[in-house]
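Here's the structure we're looking at; comments come further down.
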There are 2 protein chains.
Amino acid sequence: MSKIKSKILGDMPSEEFKKYGYQLIDWVADYLDNIESNPVLAQVKPGDIKSQLPKEAPRNNESFDEMIEDLNRIIMPGITHWNHPNFMAYFNSTSSGPGILGELLAAAINANGMVWKSNPSGTELEETVLHWFLDMIGLPQNYFGVVYDTASVSSMHAIAAAREHTGLDIRSKGLSGLPKLILYCTEHSHSSIDKGALTLGIGLDGIRKIPTDENFAMIPEKLADAIKGDRAKGSVPFCVVATIGTTSSTAVDPVEEIAKICEREKTWLHVDSAYAGVTAMLPEMKSYFKGMEKADSIVINPHKWLFVPVDFSILYTRKPEILKRAFSLTPEYLKTTEETAINYMDYGIQLGRRFRAIKFWFVLRYFGVEGLKERLGEHLRLAKLFAGWVDENPNFERLAPVYFGTICFRAIPNNILSENELNILNEKLLDSINKSGKLFLVHTKLNGKFTIRVVISGLRMEERHVKLAWEIINSELVKLISS
Amino acid sequence: MSKIKSKILGDMPSEEFKKYGYQLIDWVADYLDNIESNPVLAQVKPGDIKSQLPKEAPRNNESFDEMIEDLNRIIMPGITHWNHPNFMAYFNSTSSGPGILGELLAAAINANGMVWKSNPSGTELEETVLHWFLDMIGLPQNYFGVVYDTASVSSMHAIAAAREHTGLDIRSKGLSGLPKLILYCTEHSHSSIDKGALTLGIGLDGIRKIPTDENFAMIPEKLADAIKGDRAKGSVPFCVVATIGTTSSTAVDPVEEIAKICEREKTWLHVDSAYAGVTAMLPEMKSYFKGMEKADSIVINPHKWLFVPVDFSILYTRKPEILKRAFSLTPEYLKTTEETAINYMDYGIQLGRRFRAIKFWFVLRYFGVEGLKERLGEHLRLAKLFAGWVDENPNFERLAPVYFGTICFRAIPNNILSENELNILNEKLLDSINKSGKLFLVHTKLNGKFTIRVVISGLRMEERHVKLAWEIINSELVKLISS
């Protein structure tokens with residue numbers, strides 16, 4: 001009886017899995033081959049997608065053919081195509097063939113590496129590829145690495161370690177009886193730093209935004225002053241976050257000088273290089289990363305600019321025992337006897353842990369270090385090229401230095417409009433660019449100026465895409481002015 | 001020039017992607033077909049895997065053939081096979097064909113749903129499938145749902161919302177000047193609750209473990225007393241966590257009575273049903289979930305017992321505006337104009353968001369609601385069957401009621417050993433079971449007793465696997481006693 005029943009129950013039969021598996025592999029290959037035929041930014045309105053979906057789950061099983069049909073008919077028109085080479089918004093993330101196939105395997109194996117023994121290969125492969133990557137970016141091997149899902153979570157863990165590092169026994173007693181803890185960053189630090197501090201009970205008024213210079217980089221003297229002032233008030237300066245490659249303008253905080261202050265003040269230094277950190281692989285970029293090796297913790301996201309599908313964010317720390325002290329709690333059912341092994345659950349809030357190392361392993365091996373460097377080098381070249389076009393054109397002005405793959409600029413047609421008019425114009429310009437479906441950009445504000453950002457970091461980006469982006473920007477500007 | 005260069009750069013060519021894609025689809029099909037030929041628990045020692053891996057990343061690109069060879073030769077022997085039908089440890093998670101194919105698509109599309117416009121279909125499909133699931137488990141539609149990676153993160157967000165719900169303006173001011181916040185749970189609540197409270201700055205001494213009854217369920221009167229006592233001391237009771245299906249023994253806290261206390265005390269009620277929540281789909285299980293619809297927040301993990309690959313944890317809340325108030329922060333580059341749409345980044349710490357909805361959509365449609373119910377029903381039947389075998393055998397005793405798919409028991413051969421001897425014996429028994437490679441179980445402690453847990457929730461588990469598990473347990477016991 002149970003034998004017969006088990007044929008009705010269980011998983012999809014393997015013949016069916018193969019049939020639709022091949023189909024979806026073809027689907028993916030075709031999707032990526034023809035990605036440029038899609039509008040970059042989904043041209044839909046809120047509600048357009050859900051209004052086409054049933055209100056209830058199907059009572060009975062449906063065929064995979066129907067599911068693929070609905071995928072094509074309903075879902076795909078509502079996709080914003082991050083893999084499109086004219087997706088130059090945010091910090092773009094693009095996925096590569098080896099990364100995608102790595103995710104396929106991770107989902108199939110589905111091993112959850114809470115503790116070493118629940119996924120020994122996952123644990124040791126994670127250790128291995130994170131050591132490889134340390135070498136690649138020129139950091140010493142005494143950093144301990146752990147992969148989290150997002151930079152937000154990596155930085156939250158770093159700030160939690162900083163909190164633990166105060167020695168105030170927050171683990172046992174919480175924050176309520178304690179003096180105010182103060183975290184230092186700049187207004188250009190990523191919002192995830194604020195979110196991390198919020199989550200950890202620091203409060204927004206425990207976050208000091210240190211003034212920045214004309215290039216949006218933290219002014220170390222101002223940091224030193226702020227720390228001194230806070231100590232005088234009885235507060236506890238506990239964490240400084242320096243960014244190498246801020247989100248707005250890719251500004252570079254002077255980490256080496258900041259590190260000296262942190263060392264003197266015994267304050268945890270976290271370096272957020274989620275976006276730009278991968279470029280530390282390139283000899284010509286080393287100068288931007290000076291002092292990074294003095295950080296207590298560093299976040300770098302291979303899922304941003306190293307062609308690993310989302311999610312893959314690395315946190316490195318020189319003080320893993322403090323991170324562990326902040327988070328480790330082992331209930332009976334998770335106790336293990338392999339004392340020399342890493343149980344990654346000890347280093348964070350998340351117990352569940354996908355087998356993420358495999359996709360990074362595949363990407364590193366498939367492209368090789370040199371192949372990755374070549375791709376990054378080409379992006380940097382294209383960014384300089386684009387910046388040159390902006391600089392040469394009197395109808396535009398550049399609003400920040402171009403250190404990495406991001407160009408911040410605005411239109412200043414004929415240089416006759418007021419600041420307010422320029423802001424309105426550039427907002428309109430951005431809107432019409434994005435409505436064209438041919439290019440997707442987002443904006444930021446720099447010194448109150450509405451700033452358009454172009455980010456060049458996609459695996460499929462070639463010179464022709466960067467040229468096309470510039471043409472679209474120019475032609476939309478002409479349309480706007482003449483309308 | 002750039003044209004030629006772009007051929008060398010870029011992604012894996014699509015023909016190569018297809019070739020290895022098909023190969024890996026076959027690999028997955030074969031893996032799942034033959035999974036029983038593997039030891040369940042990896043039979044390796046710490047260091048065995050990493051010692052076989054190179055110390056450095058490859059300088060030049062390697063062939064996919066080599067990568068697959070290393071996968072088979074080095075990685076696979078170090079895998080603990082969660083999809084193996086005799087993986088009966090922890091709360092098992094198994095992945096299904098449609099779930100795996102959903103992950104393949106998510107990795108290929110790689111859309112990051114930070115805001116609605118960065119992945120409209122992802123956002124609206126997530127909304128849709130979470131509304132479907134509310135119906136499936138009999139919760140009212142006024143719950144707002146959001147998918148996080150793990151139950152740990154879901155519960156941390158719930159506790160953060162509870163903290164915000166106090167009205168103490170923790171967002172602005174942090175916890176340092178405030179009275180002590182107190183969270184209530186039991187010693188059987190999951191360690192993630194403690195980790196969440198730790199992270200949020202509550203401190204371990206802000207966690208009250210309310211006494212439990214003979215079935216390991218919270219005693220509501222003790223909760224009421226504790227809250228009263230804490231208020232008298234000037235502390236702020238802010239959150240009660242009730243569990244439906246605890247990790248140790250799947251105990252069920254009396255949510256209905258706890259909810260009344262929370263309502264009276266204006267304290268946030270979070271229900272952790274990460275494991276058992278999916279069984280609320282079955283009419284015969286409704287009684288375990290009485291009062292759940294009064295919770296302020298609920299966590300349920302389809303990646304645990306609904307065949308969705310890790311990660312997929314749902315948090316439902318009736319008070320999304322409070323969750324949003326706790327976490328929402330919008331920097332300029334993330335400001336959008338679609339005011340009626342959900343931007344999921346507003347509901348949590350994580351900005352990055354994988355396109356997870358697609359795998360859940362595939363699983364729900366491929367199996368259908370009835371198909372999923374049949375599978376859960378069969379697991380519940382098998383668990384009762386196993387419990388019966390334990391109960392009938394004088395060499396074993398059951399140590400907790402069997403409500404769901406988990407059986408807690410220990411060997412008591414001839415009923416002549418002391419408690420201490422029994423603990424030692426059962427620990428040895430578990431060790432020899434796991435070393436057999438044929439079955440993987442973990443233990444817990446209940447009333448100081450070393451307790452073996454059998455968890456029946458895998459997609460591929462049939463009656464024969466449960467029988468085999470029982471045979472192995474018995475034969476290893478015989479070996480132990482006669483040795």
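By convention here, the chains of the structure tokens are called A, B, ... in the order presented, each chain's residues are numbered starting at 1, and ligands are numbered starting at 1 in the order presented.
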
Practice task
Please identify all polymer residues within 8 Å of His84 of chain A, counting only C-alpha atoms, omitting same-chain residues fewer than 5 positions from it, and present them as a VMD selection string.
Solution key: chain A and resid 35 to 36 40 458 460

Selection to disk with N, CA and C atoms, as a compact mmCIF listing (two decimals), in the first residue's frame:
```txt
# COMPACT_ATOMS: atom_id res chain seq x y z
N ILE A 35 18.39 39.69 -24.04
CA ILE A 35 17.94 40.57 -22.96
C ILE A 35 17.74 42.00 -23.44
N GLU A 36 18.50 42.39 -24.46
CA GLU A 36 18.39 43.77 -24.91
C GLU A 36 17.08 44.07 -25.64
N VAL A 40 14.47 48.10 -20.16
CA VAL A 40 15.31 47.86 -18.99
C VAL A 40 14.46 47.94 -17.72
N GLY A 458 28.10 46.08 -15.14
CA GLY A 458 27.38 44.88 -15.57
C GLY A 458 28.24 43.99 -16.44
N ARG A 460 27.52 42.31 -18.93
CA ARG A 460 27.23 42.35 -20.37
C ARG A 460 27.43 43.73 -20.99
```

Exercise for the section: Fewer than 4 positions away in the same chain doesn't count, so skip those; otherwise give me all residues within 10 Å of Ile159 of chain B, counting only C-alpha atoms, as a list in words. Expected result: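 The residues satisfying every condition are Val153, Ser154, Ser155, Arg163, Glu164, His165, Leu183, Ile193, Gly196, Ala197, Leu200, Ile202, Phe238, Cys239, Val240, Val241, Trp268, Leu269, His270, Ser297 and Leu323 of chain B.
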
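Distances to chain A were evaluated for B:Ala251, B:Ala383, B:Ile258, B:Ala106 using only C-alpha atoms, and the minimum falls at B:Ala106.
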
Exercise for the section: Determine, counting only C-alpha atoms, which protein, DNA and RNA residues have an atom within 8 Å of an atom of Ala29 of chain B; residues of the same chain fewer than 4 positions away are not included. Present the result as a PyMOL selection string. Expected result: (chain A and resi 14-15+17-18) or (chain B and resi 25+33)

Please produce an output containing C-alpha atoms for each residue in the selection, written as an mmCIF file, in the first residue's frame.
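The result, stored in again.cif:
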```cif
data_model
loop_
_atom_site.group_PDB
_atom_site.id
_atom_site.type_symbol
_atom_site.label_atom_id
_atom_site.label_comp_id
_atom_site.auth_asym_id
_atom_site.auth_seq_id
_atom_site.Cartn_x
_atom_site.Cartn_y
_atom_site.Cartn_z
ATOM 1 C CA SER A 14 12.976 12.841 -12.590
ATOM 2 C CA GLU A 15 11.974 12.484 -16.248
ATOM 3 C CA PHE A 17 12.372 17.370 -13.980
ATOM 4 C CA LYS A 18 14.770 16.791 -16.849
ATOM 5 C CA ILE B 25 20.036 19.233 -14.811
ATOM 6 C CA ASP B 33 17.070 9.684 -7.871
#
```

Handout entry: DSSP-assigned helix (DSSP H, G or I) among segment 141-255 of chain B, expressed as a PyMOL selection string
Key = chain B and resi 151-165+170-173+191-199+204-206+220-232+255

Keeping only C-alpha atoms, write those residues as a compact mmCIF listing (two decimals), in the first residue's frame.
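Dumped to result.txt:
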```txt
# COMPACT_ATOMS: atom_id res chain seq x y z
CA ALA B 151 12.98 32.38 10.81
CA SER B 152 15.74 33.95 12.90
CA VAL B 153 15.49 37.11 10.86
CA SER B 154 11.68 37.00 10.73
CA SER B 155 11.48 36.75 14.50
CA MET B 156 14.09 39.46 14.98
CA HIS B 157 11.90 41.75 12.90
CA ALA B 158 8.85 40.79 14.92
CA ILE B 159 10.64 41.61 18.17
CA ALA B 160 11.86 44.89 16.65
CA ALA B 161 8.26 45.76 15.78
CA ALA B 162 7.27 44.88 19.36
CA ARG B 163 10.00 47.21 20.60
CA GLU B 164 8.71 50.00 18.34
CA HIS B 165 5.17 49.25 19.53
CA ILE B 170 13.49 53.91 20.43
CA ARG B 171 13.99 54.71 16.77
CA SER B 172 15.14 58.23 17.60
CA LYS B 173 16.69 57.79 20.97
CA SER B 191 17.39 30.10 20.35
CA SER B 192 16.66 32.61 17.58
CA ILE B 193 14.33 34.42 19.96
CA ASP B 194 17.21 34.93 22.35
CA LYS B 195 19.47 35.94 19.48
CA GLY B 196 16.88 38.41 18.25
CA ALA B 197 16.61 39.98 21.68
CA LEU B 198 20.41 40.08 21.99
CA THR B 199 20.73 41.79 18.63
CA LEU B 204 19.81 38.14 28.07
CA ASP B 205 18.54 39.43 31.42
CA GLY B 206 15.63 41.02 29.59
CA PRO B 220 -0.33 31.33 31.04
CA GLU B 221 -0.81 32.16 34.73
CA LYS B 222 2.95 32.24 35.18
CA LEU B 223 3.21 34.62 32.24
CA ALA B 224 0.60 36.93 33.78
CA ASP B 225 2.44 36.85 37.10
CA ALA B 226 5.78 37.61 35.50
CA ILE B 227 4.41 40.57 33.56
CA LYS B 228 2.83 41.92 36.74
CA GLY B 229 6.06 41.50 38.67
CA ASP B 230 8.13 43.22 35.99
CA ARG B 231 5.75 46.16 35.76
CA ALA B 232 5.96 46.53 39.55
CA VAL B 255 -1.85 30.84 22.25
```

Problem - For Asn38 of chain B: contacts at 9 Å, only C-alpha atoms, fewer than 6 positions along chain excluded, given as a list in words - result: Pro77, Thr80, His81, His84, Gly437 and Lys438 of chain B

Next, the residues of the selection above should be written as a PDB file, in the first residue's frame with N, CA and C atoms.
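Written output follows (result.pdb):
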```
ATOM      1  N   PRO B  77      31.501  14.197  -1.213  1.00  0.00           N
ATOM      2  CA  PRO B  77      31.703  13.368  -0.012  1.00  0.00           C
ATOM      3  C   PRO B  77      31.549  14.151   1.294  1.00  0.00           C
ATOM      4  N   THR B  80      26.270  16.671   3.795  1.00  0.00           N
ATOM      5  CA  THR B  80      25.238  16.018   4.589  1.00  0.00           C
ATOM      6  C   THR B  80      23.940  16.191   3.808  1.00  0.00           C
ATOM      7  N   HIS B  81      23.301  15.064   3.476  1.00  0.00           N
ATOM      8  CA  HIS B  81      22.237  15.093   2.472  1.00  0.00           C
ATOM      9  C   HIS B  81      20.864  15.366   3.077  1.00  0.00           C
ATOM     10  N   HIS B  84      17.978  13.517   1.640  1.00  0.00           N
ATOM     11  CA  HIS B  84      17.933  12.065   1.857  1.00  0.00           C
ATOM     12  C   HIS B  84      16.716  11.733   2.728  1.00  0.00           C
ATOM     13  N   GLY B 437      25.774   6.079   8.922  1.00  0.00           N
ATOM     14  CA  GLY B 437      25.576   6.716   7.618  1.00  0.00           C
ATOM     15  C   GLY B 437      24.204   6.448   7.028  1.00  0.00           C
ATOM     16  N   LYS B 438      23.429   5.606   7.708  1.00  0.00           N
ATOM     17  CA  LYS B 438      22.132   5.234   7.123  1.00  0.00           C
ATOM     18  C   LYS B 438      20.976   6.095   7.617  1.00  0.00           C
TER      19      LYS B 438
END
```

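If only C-alpha atoms are the atoms counted, then among B:Trp132, B:Trp82, B:Phe404, B:Tyr366 the closest residue to Glu16 of chain A is B:Tyr366.
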
Exercise for the section: Can you work out the spacing between atom CA of Met345 of chain B and atom CA of Glu321 of chain B in Å, to one decimal? Expected result: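 Answer for the atom CA of Met345 of chain B to atom CA of Glu321 of chain B separation: 13.2 Å.
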
Problem - Per-residue DSSP, segment 75-230 of chain B, filtered to strand (DSSP E or B), as a PyMOL selection string - result: chain B and resi 87+144-148+181-185+207-209+212+218

With N, CA and C atoms kept, could you save the residues just selected as a PDB file, in the first residue's frame?
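Writing the result to out.pdb gives the following:
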```
ATOM      1  N   PHE B  87      17.251  11.498   6.404  1.00  0.00           N
ATOM      2  CA  PHE B  87      17.664  12.680   7.146  1.00  0.00           C
ATOM      3  C   PHE B  87      16.466  13.053   8.023  1.00  0.00           C
ATOM      4  N   PHE B 144      -0.391  41.322   6.821  1.00  0.00           N
ATOM      5  CA  PHE B 144       0.560  41.745   5.795  1.00  0.00           C
ATOM      6  C   PHE B 144       1.736  40.772   5.866  1.00  0.00           C
ATOM      7  N   GLY B 145       2.206  40.315   4.727  1.00  0.00           N
ATOM      8  CA  GLY B 145       3.286  39.332   4.739  1.00  0.00           C
ATOM      9  C   GLY B 145       4.555  39.860   4.110  1.00  0.00           C
ATOM     10  N   VAL B 146       5.653  39.371   4.592  1.00  0.00           N
ATOM     11  CA  VAL B 146       6.941  39.705   3.982  1.00  0.00           C
ATOM     12  C   VAL B 146       7.839  38.479   4.105  1.00  0.00           C
ATOM     13  N   VAL B 147       8.607  38.214   3.070  1.00  0.00           N
ATOM     14  CA  VAL B 147       9.491  37.048   3.067  1.00  0.00           C
ATOM     15  C   VAL B 147      10.892  37.480   3.492  1.00  0.00           C
ATOM     16  N   TYR B 148      11.429  36.814   4.480  1.00  0.00           N
ATOM     17  CA  TYR B 148      12.825  36.997   4.849  1.00  0.00           C
ATOM     18  C   TYR B 148      13.561  35.690   4.556  1.00  0.00           C
ATOM     19  N   LEU B 181      13.437  46.713  28.982  1.00  0.00           N
ATOM     20  CA  LEU B 181      12.369  46.050  28.223  1.00  0.00           C
ATOM     21  C   LEU B 181      12.442  44.550  28.484  1.00  0.00           C
ATOM     22  N   ILE B 182      11.272  43.936  28.629  1.00  0.00           N
ATOM     23  CA  ILE B 182      11.254  42.504  28.943  1.00  0.00           C
ATOM     24  C   ILE B 182      10.482  41.716  27.888  1.00  0.00           C
ATOM     25  N   LEU B 183      11.116  40.645  27.432  1.00  0.00           N
ATOM     26  CA  LEU B 183      10.498  39.719  26.483  1.00  0.00           C
ATOM     27  C   LEU B 183      10.214  38.409  27.212  1.00  0.00           C
ATOM     28  N   TYR B 184       9.086  37.782  26.889  1.00  0.00           N
ATOM     29  CA  TYR B 184       8.679  36.544  27.555  1.00  0.00           C
ATOM     30  C   TYR B 184       8.607  35.404  26.547  1.00  0.00           C
ATOM     31  N   CYS B 185       9.192  34.293  26.928  1.00  0.00           N
ATOM     32  CA  CYS B 185       9.069  33.095  26.112  1.00  0.00           C
ATOM     33  C   CYS B 185       9.248  31.919  27.066  1.00  0.00           C
ATOM     34  N   ILE B 207      15.197  38.697  29.053  1.00  0.00           N
ATOM     35  CA  ILE B 207      14.405  37.575  28.528  1.00  0.00           C
ATOM     36  C   ILE B 207      13.919  36.729  29.701  1.00  0.00           C
ATOM     37  N   ARG B 208      12.603  36.657  29.890  1.00  0.00           N
ATOM     38  CA  ARG B 208      12.041  35.800  30.947  1.00  0.00           C
ATOM     39  C   ARG B 208      11.582  34.488  30.346  1.00  0.00           C
ATOM     40  N   LYS B 209      12.110  33.412  30.922  1.00  0.00           N
ATOM     41  CA  LYS B 209      11.662  32.091  30.472  1.00  0.00           C
ATOM     42  C   LYS B 209      10.532  31.654  31.406  1.00  0.00           C
ATOM     43  N   THR B 212       6.987  25.991  32.189  1.00  0.00           N
ATOM     44  CA  THR B 212       6.147  25.214  31.276  1.00  0.00           C
ATOM     45  C   THR B 212       5.507  24.038  32.017  1.00  0.00           C
ATOM     46  N   MET B 218       3.950  26.699  27.683  1.00  0.00           N
ATOM     47  CA  MET B 218       3.937  27.841  28.592  1.00  0.00           C
ATOM     48  C   MET B 218       2.695  27.810  29.487  1.00  0.00           C
TER      49      MET B 218
END
```

For Glu257 of chain A, work out the shell of residues within 9 Å, counting only C-alpha atoms and skipping chain neighbours fewer than 4 positions away, then give it as a PDB file with C-alpha atoms, in the first residue's frame.
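Output below, filename around-v7.pdb:
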```pdb
ATOM      1  CA  PRO A 220      39.294  63.018   9.902  1.00  0.00           C
ATOM      2  CA  ILE A 261      42.047  57.844  15.196  1.00  0.00           C
ATOM      3  CA  CYS A 262      40.192  54.591  15.857  1.00  0.00           C
ATOM      4  CA  GLY A 291      44.567  51.539   5.431  1.00  0.00           C
TER       5      GLY A 291
END
```

With the cut-off set at 12 Å and counting only C-alpha atoms, tabulate each residue of segment 424-477 of chain B with an atom at most that distance from an atom of segment 405-415 of chain B, showing the nearest atom pair and its distance in Å to one decimal, ordered by chain and increasing number, as JSON lines.
```
{"residue": "B:Ile424", "atom": "CA", "partner": "B:Ala411", "partner_atom": "CA", "distance": 10.8}
{"residue": "B:Leu425", "atom": "CA", "partner": "B:Ala411", "partner_atom": "CA", "distance": 7.9}
{"residue": "B:Asn426", "atom": "CA", "partner": "B:Ala411", "partner_atom": "CA", "distance": 6.4}
{"residue": "B:Glu427", "atom": "CA", "partner": "B:Arg410", "partner_atom": "CA", "distance": 9.6}
{"residue": "B:Lys428", "atom": "CA", "partner": "B:Ala411", "partner_atom": "CA", "distance": 10.8}
{"residue": "B:Leu429", "atom": "CA", "partner": "B:Ala411", "partner_atom": "CA", "distance": 8.4}
{"residue": "B:Leu430", "atom": "CA", "partner": "B:Arg410", "partner_atom": "CA", "distance": 9.7}
{"residue": "B:Leu441", "atom": "CA", "partner": "B:Cys408", "partner_atom": "CA", "distance": 10.8}
{"residue": "B:Val442", "atom": "CA", "partner": "B:Cys408", "partner_atom": "CA", "distance": 10.3}
{"residue": "B:His443", "atom": "CA", "partner": "B:Cys408", "partner_atom": "CA", "distance": 8.6}
{"residue": "B:Thr444", "atom": "CA", "partner": "B:Cys408", "partner_atom": "CA", "distance": 8.5}
{"residue": "B:Lys445", "atom": "CA", "partner": "B:Cys408", "partner_atom": "CA", "distance": 9.6}
{"residue": "B:Leu446", "atom": "CA", "partner": "B:Cys408", "partner_atom": "CA", "distance": 8.9}
{"residue": "B:Lys449", "atom": "CA", "partner": "B:Arg410", "partner_atom": "CA", "distance": 8.4}
{"residue": "B:Phe450", "atom": "CA", "partner": "B:Arg410", "partner_atom": "CA", "distance": 7.3}
{"residue": "B:Thr451", "atom": "CA", "partner": "B:Arg410", "partner_atom": "CA", "distance": 5.4}
{"residue": "B:Ile452", "atom": "CA", "partner": "B:Phe409", "partner_atom": "CA", "distance": 5.4}
{"residue": "B:Arg453", "atom": "CA", "partner": "B:Cys408", "partner_atom": "CA", "distance": 4.6}
{"residue": "B:Val454", "atom": "CA", "partner": "B:Ile407", "partner_atom": "CA", "distance": 5.1}
{"residue": "B:Val455", "atom": "CA", "partner": "B:Thr406", "partner_atom": "CA", "distance": 4.4}
{"residue": "B:Ile456", "atom": "CA", "partner": "B:Gly405", "partner_atom": "CA", "distance": 5.0}
{"residue": "B:Ser457", "atom": "CA", "partner": "B:Gly405", "partner_atom": "CA", "distance": 6.3}
{"residue": "B:Gly458", "atom": "CA", "partner": "B:Gly405", "partner_atom": "CA", "distance": 9.9}
{"residue": "B:Met461", "atom": "CA", "partner": "B:Gly405", "partner_atom": "CA", "distance": 11.6}
{"residue": "B:Val466", "atom": "CA", "partner": "B:Gly405", "partner_atom": "CA", "distance": 11.5}
{"residue": "B:Trp470", "atom": "CA", "partner": "B:Ile407", "partner_atom": "CA", "distance": 11.6}
{"residue": "B:Ile473", "atom": "CA", "partner": "B:Ala411", "partner_atom": "CA", "distance": 9.1}
{"residue": "B:Asn474", "atom": "CA", "partner": "B:Ala411", "partner_atom": "CA", "distance": 9.0}
{"residue": "B:Ser475", "atom": "CA", "partner": "B:Ala411", "partner_atom": "CA", "distance": 11.8}
{"residue": "B:Glu476", "atom": "CA", "partner": "B:Ala411", "partner_atom": "CA", "distance": 10.8}
{"residue": "B:Leu477", "atom": "CA", "partner": "B:Ala411", "partner_atom": "CA", "distance": 7.8}
```

Could the residues in this selection be written to a file with C-alpha atoms, as a PDB file, in the first residue's frame?
```
ATOM      1  CA  ILE B 424      25.277   8.157  28.471  1.00  0.00           C
ATOM      2  CA  LEU B 425      23.699   5.194  26.704  1.00  0.00           C
ATOM      3  CA  ASN B 426      21.424   7.331  24.537  1.00  0.00           C
ATOM      4  CA  GLU B 427      24.231   9.647  23.586  1.00  0.00           C
ATOM      5  CA  LYS B 428      26.254   6.620  22.482  1.00  0.00           C
ATOM      6  CA  LEU B 429      23.247   5.237  20.669  1.00  0.00           C
ATOM      7  CA  LEU B 430      22.761   8.469  18.739  1.00  0.00           C
ATOM      8  CA  LEU B 441      19.152  12.206  13.955  1.00  0.00           C
ATOM      9  CA  VAL B 442      19.929  14.862  16.552  1.00  0.00           C
ATOM     10  CA  HIS B 443      19.119  15.010  20.220  1.00  0.00           C
ATOM     11  CA  THR B 444      17.656  17.413  22.689  1.00  0.00           C
ATOM     12  CA  LYS B 445      17.282  17.411  26.449  1.00  0.00           C
ATOM     13  CA  LEU B 446      13.865  17.224  28.053  1.00  0.00           C
ATOM     14  CA  LYS B 449      16.929  13.515  29.814  1.00  0.00           C
ATOM     15  CA  PHE B 450      19.051  12.953  26.732  1.00  0.00           C
ATOM     16  CA  THR B 451      16.311  12.687  24.120  1.00  0.00           C
ATOM     17  CA  ILE B 452      16.537  11.378  20.582  1.00  0.00           C
ATOM     18  CA  ARG B 453      14.390  13.165  18.012  1.00  0.00           C
ATOM     19  CA  VAL B 454      13.002  11.694  14.815  1.00  0.00           C
ATOM     20  CA  VAL B 455      11.589  14.268  12.403  1.00  0.00           C
ATOM     21  CA  ILE B 456       9.381  13.142   9.539  1.00  0.00           C
ATOM     22  CA  SER B 457       8.867  15.958   7.084  1.00  0.00           C
ATOM     23  CA  GLY B 458      10.965  15.150   4.017  1.00  0.00           C
ATOM     24  CA  MET B 461      10.129   9.998   3.010  1.00  0.00           C
ATOM     25  CA  VAL B 466      10.523   5.247   8.685  1.00  0.00           C
ATOM     26  CA  TRP B 470      13.309   2.142  13.477  1.00  0.00           C
ATOM     27  CA  ILE B 473      17.780   2.428  16.006  1.00  0.00           C
ATOM     28  CA  ASN B 474      16.928  -1.019  17.339  1.00  0.00           C
ATOM     29  CA  SER B 475      19.890  -2.788  15.832  1.00  0.00           C
ATOM     30  CA  GLU B 476      22.336  -0.128  17.025  1.00  0.00           C
ATOM     31  CA  LEU B 477      20.845  -0.453  20.489  1.00  0.00           C
TER      32      LEU B 477
END
```

Problem - Shell of 12 Å around segment 126-130 of chain A, only C-alpha atoms, local chain residues under 6 positions omitted, as number ranges by chain - result: A: 113, 116, 119-120, 136-137, 139-148, 300-302, 312-317, 341-344, 353-365; B: 46-47, 49-58, 75

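Atom pair atom CA of Arg264 of chain B / atom CA of Met281 of chain B: separated by 29.5 Å.
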
Practice task
Find the residue from A:Asp391, A:Asp26, A:Glu69, A:Asp253 that sits nearest to chain B; use only C-alpha atoms when measuring.
Solution key: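 For chain B, the nearest of the given residues is A:Asp26.
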
Problem - Residue with smallest distance to chain A - pool B:Arg318, B:Lys286, B:His190, B:Lys467, counting only C-alpha atoms - result: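 Closest residue, counting only C-alpha atoms: B:His190.
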
Fill in the blank from the handout: Computed gap from atom CA of Ala280 of chain B to atom CA of Val310 of chain B is 20.5 Å

Exercise for the section: Go through A:Leu439, A:Ile8, A:Ile100, A:Val115 one by one, measure the shortest atom-to-atom distance of each to chain B using only C-alpha atoms, and give the residue with the smallest value. Expected result: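 When distances to chain B are compared using only C-alpha atoms, the smallest one comes from A:Ile100.
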